[in-house]
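For reference, my_file-v7.cif (mmCIF, C-alpha atoms and all ligand atoms):
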data_run
#
loop_
_atom_site.label_atom_id
_atom_site.label_comp_id
_atom_site.auth_asym_id
_atom_site.auth_seq_id
_atom_site.Cartn_x
_atom_site.Cartn_y
_atom_site.Cartn_z
CA MET A 14 191.63 -21.79 236.50
CA LYS A 15 190.23 -25.34 236.60
CA LYS A 16 192.11 -27.49 234.15
CA ASP A 17 190.68 -30.97 234.10
CA ASN A 18 187.05 -31.99 234.09
CA ALA A 19 187.99 -35.31 235.62
CA ALA A 20 188.73 -33.59 238.93
CA ALA A 21 187.73 -29.95 238.58
CA ASN A 22 185.95 -28.65 241.68
CA ASP A 23 186.67 -31.79 243.65
CA THR A 24 188.02 -31.38 247.15
CA ALA A 25 190.98 -33.52 248.15
CA VAL A 26 192.37 -34.17 251.61
CA ILE A 27 195.95 -35.41 251.68
CA THR A 28 197.49 -36.54 254.96
CA GLY A 29 201.18 -35.72 255.18
CA GLY A 30 200.64 -33.59 252.09
CA ALA A 31 203.48 -31.14 252.71
CA ARG A 32 206.51 -33.33 252.02
CA GLY A 33 207.77 -36.15 249.81
CA ILE A 34 205.20 -38.31 248.04
CA GLY A 35 202.30 -36.52 249.74
CA ARG A 36 203.48 -33.17 248.42
CA ALA A 37 203.76 -34.53 244.87
CA ILE A 38 200.23 -35.96 245.12
CA THR A 39 198.91 -32.65 246.43
CA LEU A 40 200.47 -30.75 243.52
CA ALA A 41 199.27 -33.31 240.95
CA LEU A 42 195.69 -33.03 242.22
CA ALA A 43 195.89 -29.23 242.29
CA ALA A 44 197.16 -29.31 238.69
CA LYS A 45 194.02 -31.29 237.81
CA GLY A 46 191.87 -28.56 239.33
CA CYS A 47 191.18 -29.94 242.81
CA ASP A 48 190.95 -27.72 245.85
CA VAL A 49 193.23 -29.23 248.47
CA VAL A 50 193.36 -29.66 252.23
CA ILE A 51 196.99 -30.23 253.14
CA ASN A 52 197.47 -32.01 256.44
CA TYR A 53 200.83 -31.85 258.18
CA SER A 54 202.04 -33.04 261.54
CA GLY A 55 205.22 -31.00 262.13
CA SER A 56 206.11 -29.47 258.75
CA LYS A 57 204.15 -26.20 258.96
CA GLU A 58 206.45 -24.21 256.66
CA ALA A 59 206.53 -26.92 254.01
CA ALA A 60 202.73 -27.12 254.16
CA GLU A 61 202.37 -23.36 253.64
CA GLU A 62 204.89 -23.48 250.80
CA THR A 63 202.97 -26.33 249.12
CA ALA A 64 199.69 -24.44 249.58
CA LYS A 65 201.18 -21.42 247.82
CA GLU A 66 202.28 -23.60 244.91
CA CYS A 67 198.76 -25.03 244.65
CA GLU A 68 197.20 -21.57 244.69
CA ALA A 69 199.53 -20.56 241.89
CA LEU A 70 197.86 -23.36 239.88
CA GLY A 71 194.51 -21.60 240.36
CA VAL A 72 192.90 -23.71 243.09
CA ARG A 73 192.13 -23.12 246.76
CA ALA A 74 194.44 -24.67 249.33
CA VAL A 75 194.22 -24.81 253.12
CA THR A 76 196.66 -26.32 255.58
CA VAL A 77 195.70 -28.13 258.77
CA GLN A 78 197.96 -29.40 261.51
CA GLY A 79 197.00 -32.82 262.83
CA ASN A 80 198.51 -36.08 263.99
CA VAL A 81 196.78 -39.05 262.34
CA ALA A 82 197.60 -41.07 265.45
CA SER A 83 194.90 -39.03 267.20
CA GLU A 84 191.20 -39.67 266.56
CA GLU A 85 190.45 -36.09 267.61
CA ASP A 86 192.96 -34.66 265.11
CA CYS A 87 191.56 -36.80 262.29
CA ALA A 88 188.09 -35.43 263.06
CA LYS A 89 189.60 -31.91 263.00
CA ILE A 90 191.16 -32.49 259.55
CA VAL A 91 187.83 -33.68 258.15
CA GLU A 92 185.97 -30.79 259.84
CA THR A 93 188.39 -28.33 258.21
CA ALA A 94 187.54 -29.69 254.78
CA LYS A 95 183.82 -29.53 255.58
CA LYS A 96 184.04 -25.95 256.85
CA GLU A 97 186.20 -24.67 253.98
CA PHE A 98 184.77 -26.60 251.04
CA GLY A 99 181.59 -28.35 252.28
CA LYS A 100 182.72 -31.79 251.07
CA ILE A 101 185.47 -34.35 250.59
CA ASP A 102 185.60 -36.06 247.21
CA ILE A 103 189.11 -37.46 247.49
CA LEU A 104 190.96 -38.76 250.54
CA VAL A 105 194.61 -39.73 250.24
CA ASN A 106 195.99 -41.54 253.29
CA ASN A 107 199.67 -40.91 252.73
CA ALA A 108 201.06 -40.10 256.21
CA GLY A 109 203.62 -42.67 257.21
CA ILE A 110 206.64 -43.32 259.39
CA THR A 111 209.33 -45.96 259.79
CA ARG A 112 211.04 -47.21 262.95
CA ASP A 113 213.23 -49.94 261.48
CA GLY A 114 215.02 -52.62 263.45
CA LEU A 115 215.35 -56.37 263.64
CA LEU A 116 212.39 -58.10 265.28
CA MET A 117 214.54 -59.66 267.99
CA THR A 118 215.43 -56.24 269.39
CA MET A 119 212.39 -54.21 268.30
CA SER A 120 210.49 -52.68 271.19
CA GLU A 121 206.73 -53.08 271.40
CA GLU A 122 206.53 -49.29 271.43
CA ASP A 123 208.25 -49.05 268.01
CA PHE A 124 205.99 -51.74 266.62
CA GLN A 125 202.83 -50.04 267.90
CA ALA A 126 203.88 -46.52 266.90
CA VAL A 127 204.26 -47.51 263.24
CA LEU A 128 200.92 -49.34 263.19
CA ASP A 129 199.23 -46.42 264.92
CA VAL A 130 200.27 -43.86 262.29
CA ASN A 131 200.42 -45.95 259.11
CA LEU A 132 197.44 -48.28 259.59
CA VAL A 133 195.15 -47.01 262.31
CA GLY A 134 195.69 -43.43 261.07
CA ALA A 135 194.19 -44.39 257.70
CA PHE A 136 191.30 -46.16 259.46
CA ARG A 137 190.61 -43.04 261.55
CA MET A 138 190.61 -40.79 258.49
CA MET A 139 188.33 -43.07 256.45
CA LYS A 140 185.95 -43.33 259.40
CA ALA A 141 185.90 -39.57 259.97
CA ALA A 142 185.13 -38.93 256.28
CA ALA A 143 182.70 -41.84 255.84
CA ARG A 144 179.39 -40.10 256.61
CA MET A 145 180.13 -37.21 254.25
CA MET A 146 181.18 -39.47 251.36
CA ILE A 147 178.33 -41.93 251.83
CA ARG A 148 175.78 -39.10 251.93
CA ALA A 149 177.29 -37.65 248.74
CA ARG A 150 177.30 -41.12 247.15
CA TYR A 151 180.74 -40.31 245.79
CA GLY A 152 184.31 -40.73 246.91
CA ARG A 153 187.81 -41.70 245.89
CA ILE A 154 190.00 -43.08 248.66
CA ILE A 155 193.65 -43.84 248.00
CA ASN A 156 195.67 -45.54 250.70
CA ILE A 157 199.43 -45.51 250.37
CA SER A 158 200.78 -48.97 251.09
CA SER A 159 204.25 -50.22 250.10
CA VAL A 160 205.94 -53.13 248.34
CA SER A 161 207.24 -53.92 251.85
CA GLY A 162 203.67 -54.90 252.73
CA ILE A 163 203.63 -57.38 249.83
CA MET A 164 207.19 -58.74 249.71
CA GLY A 165 208.39 -58.10 253.27
CA ASN A 166 211.67 -56.41 254.07
CA PRO A 167 214.22 -57.32 256.76
CA GLY A 168 214.23 -54.77 259.56
CA GLN A 169 210.67 -53.68 258.80
CA THR A 170 208.34 -56.14 260.54
CA ASN A 171 206.38 -53.21 261.99
CA TYR A 172 206.27 -51.23 258.74
CA SER A 173 205.46 -54.28 256.57
CA ALA A 174 202.67 -55.28 258.96
CA SER A 175 201.17 -51.78 258.72
CA LYS A 176 201.40 -51.73 254.93
CA ALA A 177 199.99 -55.26 254.52
CA GLY A 178 197.22 -54.20 256.90
CA ILE A 179 196.45 -51.24 254.65
CA ILE A 180 195.84 -53.65 251.77
CA GLY A 181 193.37 -55.83 253.70
CA MET A 182 191.60 -52.78 255.09
CA THR A 183 191.38 -51.22 251.60
CA LYS A 184 189.73 -54.33 250.16
CA SER A 185 187.25 -54.71 253.02
CA TYR A 186 186.18 -51.07 252.96
CA ALA A 187 186.01 -51.15 249.15
CA LYS A 188 183.40 -53.91 249.45
CA GLU A 189 181.46 -51.99 252.11
CA VAL A 190 181.06 -48.83 250.02
CA ALA A 191 181.29 -49.93 246.37
CA ALA A 192 177.56 -49.59 245.79
CA ARG A 193 177.65 -46.01 247.12
CA GLY A 194 179.88 -44.67 244.36
CA ILE A 195 182.97 -44.76 246.53
CA THR A 196 186.15 -46.47 245.37
CA VAL A 197 188.92 -47.50 247.74
CA ASN A 198 192.29 -48.44 246.28
CA ALA A 199 195.86 -48.80 247.48
CA ILE A 200 199.09 -47.76 245.83
CA ALA A 201 202.20 -49.73 246.73
CA PRO A 202 205.24 -47.63 245.90
CA GLY A 203 208.59 -49.30 245.47
CA PHE A 204 211.77 -47.40 246.27
CA VAL A 205 211.11 -43.65 246.00
CA LYS A 206 213.58 -40.84 246.64
CA THR A 207 212.28 -38.87 249.65
CA ASP A 208 213.43 -37.94 253.16
CA MET A 209 212.20 -41.39 254.26
CA THR A 210 214.70 -43.21 252.04
CA ASP A 211 217.46 -40.59 252.43
CA ALA A 212 218.24 -42.15 255.79
CA MET A 213 219.31 -45.44 254.11
CA THR A 214 222.95 -46.34 253.58
CA GLU A 215 224.47 -46.22 250.06
CA LYS A 216 224.94 -50.00 250.25
CA ALA A 217 221.27 -50.64 251.11
CA ILE A 218 220.19 -48.31 248.28
CA GLU A 219 222.41 -50.12 245.77
CA THR A 220 221.04 -53.51 246.90
CA ILE A 221 217.45 -52.34 246.39
CA LYS A 222 218.21 -50.68 243.06
CA ALA A 223 219.61 -53.98 241.79
CA GLU A 224 216.12 -55.47 242.30
CA ILE A 225 214.34 -52.84 240.19
CA PRO A 226 213.82 -53.96 236.58
CA ALA A 227 213.41 -50.31 235.52
CA ALA A 228 216.94 -49.77 236.91
CA ARG A 229 216.13 -46.50 238.63
CA ALA A 230 214.64 -45.25 241.85
CA GLY A 231 211.11 -43.85 241.70
CA GLU A 232 210.36 -40.15 241.89
CA PRO A 233 207.49 -38.84 244.04
CA GLU A 234 205.81 -37.76 240.78
CA ASP A 235 205.66 -41.40 239.61
CA ILE A 236 203.39 -42.13 242.57
CA ALA A 237 201.47 -38.87 242.17
CA ASN A 238 200.58 -39.65 238.54
CA ALA A 239 199.01 -42.97 239.58
CA ALA A 240 197.20 -41.30 242.48
CA ALA A 241 195.81 -38.60 240.20
CA PHE A 242 194.31 -41.26 237.93
CA LEU A 243 192.76 -43.20 240.82
CA ALA A 244 191.40 -39.90 242.19
CA SER A 245 189.73 -39.01 238.91
CA ARG A 246 186.20 -39.68 237.71
CA ASP A 247 187.74 -41.91 235.00
CA SER A 248 188.69 -44.61 237.51
CA GLY A 249 185.14 -45.25 238.77
CA TYR A 250 185.05 -48.97 237.95
CA ILE A 251 188.32 -49.75 239.73
CA THR A 252 188.07 -50.58 243.41
CA GLY A 253 189.78 -52.75 246.00
CA GLN A 254 192.95 -52.86 243.91
CA VAL A 255 196.60 -52.56 244.82
CA LEU A 256 198.58 -50.70 242.19
CA CYS A 257 202.31 -51.31 242.50
CA VAL A 258 204.23 -48.29 241.26
CA ASP A 259 207.67 -49.73 241.61
CA GLY A 260 209.50 -49.98 238.29
CA GLY A 261 208.60 -53.66 238.16
CA MET A 262 210.05 -54.67 241.54
CA CYS A 263 207.01 -56.61 242.62
CA MET A 264 205.64 -58.77 239.80
P1 LIG A 301 208.46 -38.71 254.12
O1 LIG A 301 209.17 -37.86 253.12
O2 LIG A 301 209.17 -39.13 255.36
O3 LIG A 301 207.09 -38.01 254.50
C1 LIG A 301 206.23 -38.56 255.47
C2 LIG A 301 204.99 -37.71 255.52
O4 LIG A 301 204.12 -38.27 256.50
C3 LIG A 301 205.28 -36.27 255.92
O5 LIG A 301 204.48 -35.41 255.16
C4 LIG A 301 204.86 -36.25 257.39
O6 LIG A 301 204.37 -34.99 257.80
C5 LIG A 301 203.71 -37.24 257.39
N1 LIG A 301 203.48 -37.78 258.72
C6 LIG A 301 204.28 -38.59 259.46
N2 LIG A 301 203.71 -38.87 260.64
C7 LIG A 301 202.51 -38.22 260.66
C8 LIG A 301 201.45 -38.14 261.59
N3 LIG A 301 201.50 -38.77 262.77
N4 LIG A 301 200.36 -37.40 261.27
C9 LIG A 301 200.29 -36.75 260.08
N5 LIG A 301 201.27 -36.80 259.15
C10 LIG A 301 202.36 -37.53 259.43
O7 LIG A 301 208.00 -40.08 253.44
P2 LIG A 301 207.51 -40.43 251.96
O8 LIG A 301 208.55 -41.27 251.36
O9 LIG A 301 207.00 -39.23 251.27
O10 LIG A 301 206.30 -41.41 252.34
C11 LIG A 301 204.93 -41.11 252.09
C12 LIG A 301 204.14 -42.40 252.16
O11 LIG A 301 204.63 -43.30 251.15
C13 LIG A 301 204.29 -43.14 253.48
O12 LIG A 301 203.06 -43.74 253.83
C14 LIG A 301 205.33 -44.19 253.17
O13 LIG A 301 205.23 -45.28 254.03
C15 LIG A 301 204.96 -44.54 251.75
N6 LIG A 301 206.03 -45.19 251.00
C16 LIG A 301 207.21 -44.56 250.74
C17 LIG A 301 208.19 -45.21 250.01
C18 LIG A 301 209.51 -44.57 249.66
O14 LIG A 301 210.36 -45.27 249.09
N7 LIG A 301 209.73 -43.31 249.95
C19 LIG A 301 207.96 -46.52 249.56
C20 LIG A 301 206.75 -47.13 249.83
C21 LIG A 301 205.79 -46.46 250.55
P3 LIG A 301 205.22 -34.00 258.77
O15 LIG A 301 206.52 -33.73 258.08
O16 LIG A 301 204.36 -32.80 258.92
O17 LIG A 301 205.41 -34.78 260.05
#

Starting from the coordinates I provided, produce the structure as structure tokens.
Amino acid sequence: MKKDNAAANDTAVITGGARGIGRAITLALAAKGCDVVINYSGSKEAAEETAKECEALGVRAVTVQGNVASEEDCAKIVETAKKEFGKIDILVNNAGITRDGLLMTMSEEDFQAVLDVNLVGAFRMMKAAARMMIRARYGRIINISSVSGIMGNPGQTNYSASKAGIIGMTKSYAKEVAARGITVNAIAPGFVKTDMTDAMTEKAIETIKAEIPAARAGEPEDIANAAAFLASRDSGYITGQVLCVDGGMCM
């Protein structure tokens, strides 16, 4: 049963859509009536579980394994959407990793690996989907950045560089495709409770929480609600923007 005209019958591709923020975005889009293509890298079971939850909402869901650090895999993810649904209306570049450490001791490999997944991965996905969206003269692209890309964060020179890069790339591509009915926006989450932040020490969590005016950590659904709006037909005159969803951390 399609529930929301703003997104009913749209096809959404979500990278890293099986866990954490990506999973919440997948479910929010499915709840709006989107068919979903759930990309995962290693979390096959979680992807299948998420697909089942989407189907229970009355939409079609397919899962596709793929590493966004591979151009070939990105092409495969886009091909899957084309084969199953014939189109991509919404692309959410959510896949991301951290390899934290102080710059002085950070290896070049750790720096490159984070850029390759977080930044170049999003570039590869946008490029693979470009022809289809441009031909359709419609698209909603949402790139997940981070407040770390705006404010910086000690121990995250690689991650902050990738997330700041996402913002510049979002704005440039937004200008390239604005006249074709395609919007490209970024969401910069603040501190959100997921596996990614579970690895942090209690002390680090308390320090960050003290900087959040809303005085609470974000939930994946907080990000998903913003993504669902940017993915909808109602957001058509918004492009090249960075929406901080961070309880006021970054203002
Ligand atoms: P998470 O729970 O660690 O999930 C990361 C997701 O990325 C997983 O679904 C994972 O899929 C996927 N992924 C990682 N490497 C991949 C690759 N090479 N190819 C395809 N998928 C890959 O993290 P999260 O907190 O939900 O983060 C989601 C996004 O939000 C990331 O871009 C992150 O940087 C950003 N963000 C998070 C926070 C926060 O506080 N949590 C704050 C700001 C921004 P598999 O499990 O299948 O590998």

Would you compute the box with edges along x, y and z of the file around ligand LIG 301 (chain A), including every atom the file lists for it and 8 Å extra on each side, and give its centre and edge lengths in Å to one decimal, as lines of an AutoDock Vina configuration file?
center_x = 205.3
center_y = -40.0
center_z = 255.9
size_x = 26.1
size_y = 30.3
size_z = 29.7

Which residue gives the smallest distance to ligand LIG 301 (chain A) among A:Glu232, A:Asp247, A:Glu85, A:Glu121, with all atoms listed in the file counted? A:Glu232

Of the listed residues A:Val72, A:Ala201, A:Ala212, A:Ala37, that which approaches A:Thr111 most closely, counting all atoms listed in the file: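 Among the listed residues, A:Ala212 lies closest to A:Thr111.
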
Contacts to ligand LIG 301 (chain A) at 7 Å cut-off (only C-alpha atoms and all ligand atoms) as JSON, numbers by chain: {"A": [28, 29, 30, 31, 32, 33, 34, 35, 52, 53, 54, 55, 56, 57, 79, 80, 81, 82, 107, 108, 109, 110, 130, 131, 157, 158, 159, 160, 201, 202, 203, 204, 205, 206, 207, 208, 209, 210]}

Could you list, as number ranges by chain, every residue within 12 Å of A:Ala21, counting only C-alpha atoms and ignoring same-chain residues fewer than 4 positions away? A: 14-17, 25, 42-49, 71-73, 102-103, 241, 244-246

So what do you get for atom CA of A:Glu61 versus atom CA of A:Ala237, distance-wise? 19.3 Å
